[in-house]
Amino acid sequence: MNLQKITLNVPDMHCPSCPKIIQLTLLEMNGILGVDASLESRTVDVEYDPALIQPSLIIEAIQKLGYTPQPQP
Ligand SMILES: [Cu+2]
C-alpha cells in the first residue's frame with residue numbers, strides 16, 4: 001500500500017468542533033487512514049491510499065460540511 005499525504009488549509013474552522021467534525025467525517029471515508037485537523041493552524045492533514053480515494057473527493061467532503069478547503073501549495 002502506497003500512502004499519500006495532503007495538507008489542506010481550512011481557514012474557516014472557527015471553534016473546537018470544526019476540526020472534530022471534519023476529522024470524524026473524513027475517517028468514515030474508504031481509503032482515508034489518518035486525519036490530523038488543527039484549529040490553531042487551520043489545517044487538515046490527511047493520509048490516504050490513492051488507489052482508493054482522490055484528493056478531490058476529500059476536498060468535496062469538507063466543502064459539503066460548509067468549509068472552504070484549499071490544498072497547500
Ligand atoms: Cu466550529
# chains A, B, ... in the order shown; residues from 1 in each chain; ligands from 1
call {"tool": "residues_near_ligand", "arguments": {"ligand": "ligand 1", "cutoff": "9 Å", "atoms": "only C-alpha atoms and all ligand atoms", "output": "PyMOL selection string"}}
result
chain A and resi 12-21+39
call {"tool": "select_by_dssp", "arguments": {"residues": "stretch 9-52 of chain A", "states": "helix (DSSP H, G or I)", "output": "ChimeraX atom specification"}}
result
/A:17-27
call {"tool": "write_last_selection", "arguments": {"atoms": "C-alpha atoms", "output": "mmCIF file, in the first residue's frame"}}
result
data_model
loop_
_atom_site.group_PDB
_atom_site.id
_atom_site.type_symbol
_atom_site.label_atom_id
_atom_site.label_comp_id
_atom_site.auth_asym_id
_atom_site.auth_seq_id
_atom_site.Cartn_x
_atom_site.Cartn_y
_atom_site.Cartn_z
ATOM 1 C CA SER A 17 -15.992 21.453 16.998
ATOM 2 C CA CYS A 18 -14.841 22.269 13.483
ATOM 3 C CA PRO A 19 -11.711 20.075 13.410
ATOM 4 C CA LYS A 20 -13.598 17.302 15.217
ATOM 5 C CA ILE A 21 -16.437 17.251 12.687
ATOM 6 C CA ILE A 22 -14.007 17.267 9.784
ATOM 7 C CA GLN A 23 -11.919 14.515 11.359
ATOM 8 C CA LEU A 24 -14.893 12.246 12.101
ATOM 9 C CA THR A 25 -16.359 12.750 8.639
ATOM 10 C CA LEU A 26 -13.134 12.001 6.793
ATOM 11 C CA LEU A 27 -12.265 8.958 8.893
#
call {"tool": "closest_residue", "arguments": {"among": "A:Glu47, A:Ile6, A:Pro11, A:Met29", "to": "A:Ala61", "atoms": "only C-alpha atoms"}}
result
A:Met29
call {"tool": "closest_residue", "arguments": {"among": "A:Asn30, A:Gln72, A:Ser38, A:Asn9", "to": "A:Ile53", "atoms": "only C-alpha atoms"}}
result
A:Asn30
call {"tool": "closest_residue", "arguments": {"among": "A:Leu33, A:Gln70, A:Leu3, A:Thr43", "to": "A:Ser56", "atoms": "only C-alpha atoms"}}
result
A:Gln70
